[in-house]
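Trainee: Provided herewith: upload-v4.pdb, PDB, C-alpha atoms.
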```
ATOM      1  CA  GLN N   1     -15.176  -7.117  10.308
ATOM      2  CA  LEU N   2     -12.567  -6.362   7.657
ATOM      3  CA  GLN N   3      -9.151  -7.903   8.225
ATOM      4  CA  LEU N   4      -6.035  -7.429   6.100
ATOM      5  CA  VAL N   5      -2.867  -9.507   5.823
ATOM      6  CA  GLU N   6       0.203  -8.651   3.767
ATOM      7  CA  SER N   7       2.653 -11.041   2.125
ATOM      8  CA  GLY N   8       5.513 -10.942  -0.332
ATOM      9  CA  GLY N   9       8.142  -9.009   1.560
ATOM     10  CA  GLY N  10      11.735 -10.111   1.882
ATOM     11  CA  LEU N  11      15.347  -9.362   1.079
ATOM     12  CA  VAL N  12      16.171  -8.133  -2.410
ATOM     13  CA  GLN N  13      19.218  -6.594  -4.049
ATOM     14  CA  PRO N  14      19.156  -3.021  -5.330
ATOM     15  CA  GLY N  15      17.513  -2.918  -8.739
ATOM     16  CA  GLY N  16      15.426  -5.969  -7.968
ATOM     17  CA  SER N  17      11.659  -6.412  -7.776
ATOM     18  CA  LEU N  18       9.071  -7.606  -5.305
ATOM     19  CA  ARG N  19       5.316  -7.952  -5.454
ATOM     20  CA  LEU N  20       3.445  -7.367  -2.238
ATOM     21  CA  SER N  21      -0.036  -8.769  -1.746
ATOM     22  CA  CYS N  22      -2.770  -7.604   0.608
ATOM     23  CA  ALA N  23      -5.455 -10.208   1.273
ATOM     24  CA  ALA N  24      -8.767  -9.123   2.745
ATOM     25  CA  SER N  25     -11.193 -11.237   4.748
ATOM     26  CA  GLY N  26     -14.340 -10.684   6.734
ATOM     27  CA  THR N  27     -16.035  -8.555   4.108
ATOM     28  CA  THR N  28     -15.670  -7.474   0.500
ATOM     29  CA  LEU N  29     -13.254  -4.706  -0.470
ATOM     30  CA  ASP N  30     -15.956  -3.006  -2.538
ATOM     31  CA  GLY N  31     -16.392   0.533  -1.298
ATOM     32  CA  TYR N  32     -12.992   0.712   0.409
ATOM     33  CA  THR N  33     -10.020   2.734  -0.699
ATOM     34  CA  ILE N  34      -6.903   0.666  -0.043
ATOM     35  CA  GLY N  35      -3.472   2.079   0.593
ATOM     36  CA  TRP N  36       0.061   0.805   0.931
ATOM     37  CA  PHE N  37       2.139   2.526   3.565
ATOM     38  CA  ARG N  38       5.663   2.068   4.812
ATOM     39  CA  GLN N  39       7.620   2.886   7.903
ATOM     40  CA  ALA N  40      11.382   2.806   8.002
ATOM     41  CA  LYS N  41      13.267   2.537  11.281
ATOM     42  CA  GLY N  42      13.244   5.860  13.073
ATOM     43  CA  LYS N  43      10.971   7.512  10.525
ATOM     44  CA  GLU N  44       7.292   8.354  10.343
ATOM     45  CA  ARG N  45       4.859   6.198   8.424
ATOM     46  CA  GLU N  46       4.335   7.456   4.879
ATOM     47  CA  GLY N  47       1.848   6.782   2.146
ATOM     48  CA  VAL N  48       3.294   4.880  -0.793
ATOM     49  CA  SER N  49       0.362   4.318  -3.113
ATOM     50  CA  CYS N  50      -3.401   4.192  -2.706
ATOM     51  CA  ILE N  51      -6.274   3.085  -4.945
ATOM     52  CA  SER N  52      -9.994   3.719  -4.880
ATOM     53  CA  SER N  53     -12.641   1.067  -5.278
ATOM     54  CA  SER N  54     -15.167   2.573  -7.667
ATOM     55  CA  ASP N  55     -12.933   3.823 -10.473
ATOM     56  CA  GLY N  56      -9.384   2.737  -9.651
ATOM     57  CA  ARG N  57      -8.084   6.246  -9.031
ATOM     58  CA  THR N  58      -4.592   6.158  -7.612
ATOM     59  CA  SER N  59      -2.354   8.420  -5.614
ATOM     60  CA  THR N  60       1.347   7.587  -5.550
ATOM     61  CA  ALA N  61       4.245   9.149  -3.689
ATOM     62  CA  ASP N  62       6.758  11.000  -5.854
ATOM     63  CA  SER N  63       9.581   8.915  -4.385
ATOM     64  CA  VAL N  64       8.225   5.731  -5.982
ATOM     65  CA  LYS N  65       6.471   7.017  -9.104
ATOM     66  CA  GLY N  66       7.576   5.124 -12.177
ATOM     67  CA  ARG N  67       8.845   2.238 -10.036
ATOM     68  CA  PHE N  68       5.862   1.071  -7.956
ATOM     69  CA  THR N  69       2.409   0.169  -9.269
ATOM     70  CA  ILE N  70      -0.685  -0.472  -7.190
ATOM     71  CA  SER N  71      -3.535  -2.633  -8.445
ATOM     72  CA  ARG N  72      -6.571  -4.380  -7.043
ATOM     73  CA  ASP N  73      -8.792  -7.338  -7.841
ATOM     74  CA  ASN N  74     -12.080  -6.830  -6.042
ATOM     75  CA  ALA N  75     -13.354 -10.229  -7.158
ATOM     76  CA  LYS N  76     -10.451 -11.875  -5.337
ATOM     77  CA  ASN N  77     -10.469  -9.374  -2.470
ATOM     78  CA  MET N  78      -6.815  -8.607  -3.153
ATOM     79  CA  VAL N  79      -4.644  -5.531  -3.584
ATOM     80  CA  TYR N  80      -1.099  -5.642  -4.927
ATOM     81  CA  LEU N  81       1.975  -3.453  -4.958
ATOM     82  CA  GLN N  82       4.469  -4.213  -7.713
ATOM     83  CA  MET N  83       7.822  -2.742  -6.765
ATOM     84  CA  ASN N  84      10.526  -2.496  -9.429
ATOM     85  CA  ASN N  85      14.006  -1.013  -9.428
ATOM     86  CA  LEU N  86      14.124  -1.164  -5.652
ATOM     87  CA  LYS N  87      16.558   1.073  -3.821
ATOM     88  CA  PRO N  88      18.081   0.789  -0.332
ATOM     89  CA  GLU N  89      15.926   3.723   0.770
ATOM     90  CA  ASP N  90      12.833   1.603   0.054
ATOM     91  CA  THR N  91      13.742  -0.571   3.053
ATOM     92  CA  ALA N  92      10.822  -0.473   5.498
ATOM     93  CA  VAL N  93       7.896  -2.385   6.894
ATOM     94  CA  TYR N  94       5.082  -2.192   4.354
ATOM     95  CA  SER N  95       1.476  -2.306   5.473
ATOM     96  CA  CYS N  96      -1.845  -2.175   3.691
ATOM     97  CA  ALA N  97      -4.831  -0.382   5.141
ATOM     98  CA  ALA N  98      -8.442   0.376   4.273
ATOM     99  CA  LYS N  99     -10.819   3.289   4.574
ATOM    100  CA  ILE N 100     -14.336   3.949   3.363
ATOM    101  CA  GLU N 101     -14.138   5.511  -0.090
ATOM    102  CA  ILE N 102     -15.188   9.137  -0.329
ATOM    103  CA  THR N 103     -15.373  11.470  -3.314
ATOM    104  CA  PRO N 104     -13.634  13.842  -3.618
ATOM    105  CA  ASP N 105     -10.741  12.646  -1.479
ATOM    106  CA  GLN N 106      -7.991  15.239  -1.085
ATOM    107  CA  PHE N 107      -6.280  13.138   1.593
ATOM    108  CA  MET N 108      -6.397   9.911  -0.366
ATOM    109  CA  CYS N 109      -3.037   8.587   0.779
ATOM    110  CA  HIS N 110      -2.667  10.122   4.225
ATOM    111  CA  PRO N 111      -2.194   7.315   6.747
ATOM    112  CA  TRP N 112      -4.178   9.005   9.519
ATOM    113  CA  ALA N 113      -7.333   8.772   7.378
ATOM    114  CA  TYR N 114      -7.231   4.971   7.255
ATOM    115  CA  LEU N 115      -9.484   3.878  10.103
ATOM    116  CA  ALA N 116     -11.233   0.729   8.832
ATOM    117  CA  ALA N 117      -8.394  -1.800   9.043
ATOM    118  CA  TRP N 118      -4.627  -2.235   9.043
ATOM    119  CA  GLY N 119      -2.554  -5.291   8.300
ATOM    120  CA  PRO N 120       0.368  -6.318  10.538
ATOM    121  CA  GLY N 121       2.940  -5.422   7.866
ATOM    122  CA  THR N 122       5.602  -7.239   5.883
ATOM    123  CA  PRO N 123       9.274  -6.230   5.967
ATOM    124  CA  VAL N 124      11.155  -5.285   2.822
ATOM    125  CA  THR N 125      14.931  -5.015   2.895
ATOM    126  CA  VAL N 126      16.868  -3.751  -0.093
ATOM    127  CA  SER N 127      20.530  -4.503   0.328
ATOM    128  CA  SER N 128      23.467  -6.002  -1.500
TER     129      SER N 128
END
```
Just dump the structure as structure tokens.
Mentor:
Amino acid sequence: QLQLVESGGGLVQPGGSLRLSCAASGTTLDGYTIGWFRQAKGKEREGVSCISSSDGRTSTADSVKGRFTISRDNAKNMVYLQMNNLKPEDTAVYSCAAKIEITPDQFMCHPWAYLAAWGPGTPVTVSS
């Protein structure tokens, strides 16, 4: 059974950077689309960035485009989210999740589609 665990969150000043990691266990990530999602206090969960397994297609929210980059290393069973130029509005709990890859995938980064596994989340706070 696929299990996911995030790491790398913390407190960072505006303009700073963090790299989140999502470690998978139980099975290989081959064949799974992996997404990063976030939920701020009092707000709904939103898709941040998602990446397919077969060809590395990505879908990234407009609010983080140009600042966040998703990547994956299937050999290491890892997915990463590099976050640069962080802003206070990026403060949230960040979670990674998995779903079986499908093609085409018009809902690639919609959180409700991620049914295979969810990590417990890692908090990110952007504050001076």
Trainee: For Leu18 of chain N, which residue among N:Cys50, N:Pro120, N:Asn85, N:Pro111 is the nearest when counting all atoms listed in the file?
Mentor: N:Asn85
Trainee: Report as a PDB file with C-alpha atoms, in the coordinates of the input the residues that result from applying the PyMOL selection byres ((chain N and resi 62-65) around 9) to the structure here.
Mentor:
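So part16.pdb came out as:
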```pdb
ATOM      1  CA  VAL N  48       3.294   4.880  -0.793  1.00  0.00           C
ATOM      2  CA  SER N  49       0.362   4.318  -3.113  1.00  0.00           C
ATOM      3  CA  THR N  60       1.347   7.587  -5.550  1.00  0.00           C
ATOM      4  CA  ALA N  61       4.245   9.149  -3.689  1.00  0.00           C
ATOM      5  CA  GLY N  66       7.576   5.124 -12.177  1.00  0.00           C
ATOM      6  CA  ARG N  67       8.845   2.238 -10.036  1.00  0.00           C
ATOM      7  CA  PHE N  68       5.862   1.071  -7.956  1.00  0.00           C
ATOM      8  CA  THR N  69       2.409   0.169  -9.269  1.00  0.00           C
ATOM      9  CA  MET N  83       7.822  -2.742  -6.765  1.00  0.00           C
ATOM     10  CA  ASP N  90      12.833   1.603   0.054  1.00  0.00           C
TER      11      ASP N  90
END
```
Trainee: Would you mind listing what lies within 8 Å of Arg38 of chain N as a list in words, with all atoms listed in the file counted and same-chain residues fewer than 4 positions away left out?
Mentor: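 These residues fall inside the cut-off: Arg45, Glu46, Gly47, Val48, Ala92, Val93, Tyr94 and Ser95 of chain N.
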Trainee: Going by the chain IDs and residue numbers used in this file, which residues fall under the PyMOL selection byres ((chain N and resi 118) around 10)? Write them as a list of chain:residue names.
Mentor: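 When the PyMOL selection byres ((chain N and resi 118) around 10) is applied to the shown file, the picked residues are N:Leu2, N:Gln3, N:Leu4, N:Val5, N:Glu6, N:Ile34, N:Gly35, N:Trp36, N:Phe37, N:Ser95, N:Cys96, N:Ala97, N:Ala98, N:Lys99, N:Tyr114, N:Leu115, N:Ala116, N:Ala117, N:Gly119, N:Pro120, N:Gly121.
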Trainee: Using Å and a single decimal, report how far atom CA of Gly31 of chain N sits from atom CA of Ser53 of chain N.
Mentor: 5.5 Å
Trainee: Counting only C-alpha atoms, find residues at most 12 Å from (19.9, -9.9, -6.0) (file frame) and give them as a short mmCIF file (atom, residue, chain, number, x, y, z; two decimals) with C-alpha atoms, in the coordinates of the input.
Mentor:
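File out08.cif, as written:
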```cif
data_model
loop_
_atom_site.label_atom_id
_atom_site.label_comp_id
_atom_site.auth_asym_id
_atom_site.auth_seq_id
_atom_site.Cartn_x
_atom_site.Cartn_y
_atom_site.Cartn_z
CA GLY N 10 11.74 -10.11 1.88
CA LEU N 11 15.35 -9.36 1.08
CA VAL N 12 16.17 -8.13 -2.41
CA GLN N 13 19.22 -6.59 -4.05
CA PRO N 14 19.16 -3.02 -5.33
CA GLY N 15 17.51 -2.92 -8.74
CA GLY N 16 15.43 -5.97 -7.97
CA SER N 17 11.66 -6.41 -7.78
CA LEU N 18 9.07 -7.61 -5.30
CA ASN N 85 14.01 -1.01 -9.43
CA LEU N 86 14.12 -1.16 -5.65
CA LYS N 87 16.56 1.07 -3.82
CA THR N 125 14.93 -5.01 2.90
CA VAL N 126 16.87 -3.75 -0.09
CA SER N 127 20.53 -4.50 0.33
CA SER N 128 23.47 -6.00 -1.50
#
```
Trainee: Within 12 Å of (-15.0, 11.3, -3.5) (file coordinates; only C-alpha atoms), which protein or nucleic acid residues are there? I'd like them as a ChimeraX atom specification.
Mentor: /N:31-33,52-57,100-108
Trainee: Limited to C-alpha atoms, could you put the picked residues into a file as a PDB file, keeping the file's coordinate frame?
Mentor:
```pdb
ATOM      1  CA  GLY N  31     -16.392   0.533  -1.298  1.00  0.00           C
ATOM      2  CA  TYR N  32     -12.992   0.712   0.409  1.00  0.00           C
ATOM      3  CA  THR N  33     -10.020   2.734  -0.699  1.00  0.00           C
ATOM      4  CA  SER N  52      -9.994   3.719  -4.880  1.00  0.00           C
ATOM      5  CA  SER N  53     -12.641   1.067  -5.278  1.00  0.00           C
ATOM      6  CA  SER N  54     -15.167   2.573  -7.667  1.00  0.00           C
ATOM      7  CA  ASP N  55     -12.933   3.823 -10.473  1.00  0.00           C
ATOM      8  CA  GLY N  56      -9.384   2.737  -9.651  1.00  0.00           C
ATOM      9  CA  ARG N  57      -8.084   6.246  -9.031  1.00  0.00           C
ATOM     10  CA  ILE N 100     -14.336   3.949   3.363  1.00  0.00           C
ATOM     11  CA  GLU N 101     -14.138   5.511  -0.090  1.00  0.00           C
ATOM     12  CA  ILE N 102     -15.188   9.137  -0.329  1.00  0.00           C
ATOM     13  CA  THR N 103     -15.373  11.470  -3.314  1.00  0.00           C
ATOM     14  CA  PRO N 104     -13.634  13.842  -3.618  1.00  0.00           C
ATOM     15  CA  ASP N 105     -10.741  12.646  -1.479  1.00  0.00           C
ATOM     16  CA  GLN N 106      -7.991  15.239  -1.085  1.00  0.00           C
ATOM     17  CA  PHE N 107      -6.280  13.138   1.593  1.00  0.00           C
ATOM     18  CA  MET N 108      -6.397   9.911  -0.366  1.00  0.00           C
TER      19      MET N 108
END
```
Trainee: Enter the distance from atom CA of Leu81 of chain N to atom CA of Lys41 of chain N, in Å, rounded to one decimal.
Mentor: 20.7 Å
Trainee: Smallest atom-to-atom distance to Ser59 of chain N: which of N:Ser7, N:Ala23, N:His110, N:Leu29, using all atoms listed in the file?
Mentor: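 Checking each of N:Ser7, N:Ala23, N:His110, N:Leu29 against Ser59 of chain N, counting all atoms listed in the file, the winner is N:His110.
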Trainee: For a test of reading the model, state the distance in Å between atom CA of Thr122 of chain N and atom CA of Tyr80 of chain N, rounded to one decimal.
Mentor: 12.8 Å
Trainee: Can you fill out segment 2-26 of chain N with N, CA and C atoms and hand it back as a compact mmCIF listing (two decimals), keeping the file's coordinate frame?
Mentor:
```txt
# COMPACT_ATOMS: atom_id res chain seq x y z
N LEU N 2 -13.63 -6.27 8.65
CA LEU N 2 -12.57 -6.36 7.66
C LEU N 2 -11.22 -6.61 8.31
N GLN N 3 -10.50 -7.61 7.78
CA GLN N 3 -9.15 -7.90 8.22
C GLN N 3 -8.24 -7.96 7.01
N LEU N 4 -7.01 -7.47 7.19
CA LEU N 4 -6.04 -7.43 6.10
C LEU N 4 -4.75 -8.13 6.52
N VAL N 5 -4.14 -8.85 5.57
CA VAL N 5 -2.87 -9.51 5.82
C VAL N 5 -1.98 -9.33 4.61
N GLU N 6 -0.75 -8.85 4.85
CA GLU N 6 0.20 -8.65 3.77
C GLU N 6 1.10 -9.87 3.60
N SER N 7 1.64 -10.02 2.40
CA SER N 7 2.65 -11.04 2.12
C SER N 7 3.53 -10.57 0.97
N GLY N 8 4.65 -11.23 0.80
CA GLY N 8 5.51 -10.94 -0.33
C GLY N 8 6.77 -10.17 -0.03
N GLY N 9 6.93 -9.74 1.21
CA GLY N 9 8.14 -9.01 1.56
C GLY N 9 9.36 -9.93 1.63
N GLY N 10 10.53 -9.32 1.78
CA GLY N 10 11.74 -10.11 1.88
C GLY N 10 12.97 -9.29 1.61
N LEU N 11 14.06 -9.99 1.37
CA LEU N 11 15.35 -9.36 1.08
C LEU N 11 15.58 -9.38 -0.43
N VAL N 12 15.94 -8.23 -0.97
CA VAL N 12 16.17 -8.13 -2.41
C VAL N 12 17.35 -7.20 -2.66
N GLN N 13 18.08 -7.45 -3.71
CA GLN N 13 19.22 -6.59 -4.05
C GLN N 13 18.74 -5.30 -4.71
N PRO N 14 19.51 -4.26 -4.61
CA PRO N 14 19.16 -3.02 -5.33
C PRO N 14 18.93 -3.30 -6.81
N GLY N 15 17.88 -2.68 -7.35
CA GLY N 15 17.51 -2.92 -8.74
C GLY N 15 16.54 -4.07 -8.93
N GLY N 16 16.32 -4.82 -7.88
CA GLY N 16 15.43 -5.97 -7.97
C GLY N 16 13.96 -5.59 -7.83
N SER N 17 13.11 -6.62 -7.84
CA SER N 17 11.66 -6.41 -7.78
C SER N 17 11.02 -7.31 -6.73
N LEU N 18 9.92 -6.83 -6.21
CA LEU N 18 9.07 -7.61 -5.30
C LEU N 18 7.63 -7.27 -5.61
N ARG N 19 6.75 -8.21 -5.35
CA ARG N 19 5.32 -7.95 -5.45
C ARG N 19 4.68 -8.24 -4.11
N LEU N 20 4.15 -7.22 -3.50
CA LEU N 20 3.44 -7.37 -2.24
C LEU N 20 1.97 -7.63 -2.50
N SER N 21 1.38 -8.47 -1.66
CA SER N 21 -0.04 -8.77 -1.75
C SER N 21 -0.72 -8.40 -0.44
N CYS N 22 -1.94 -7.93 -0.55
CA CYS N 22 -2.77 -7.60 0.61
C CYS N 22 -4.07 -8.38 0.46
N ALA N 23 -4.26 -9.36 1.33
CA ALA N 23 -5.46 -10.21 1.27
C ALA N 23 -6.47 -9.74 2.31
N ALA N 24 -7.71 -9.58 1.85
CA ALA N 24 -8.77 -9.12 2.74
C ALA N 24 -9.69 -10.28 3.10
N SER N 25 -10.21 -10.25 4.32
CA SER N 25 -11.19 -11.24 4.75
C SER N 25 -12.20 -10.56 5.65
N GLY N 26 -13.31 -11.21 5.85
CA GLY N 26 -14.34 -10.68 6.73
C GLY N 26 -15.44 -9.93 6.01
```
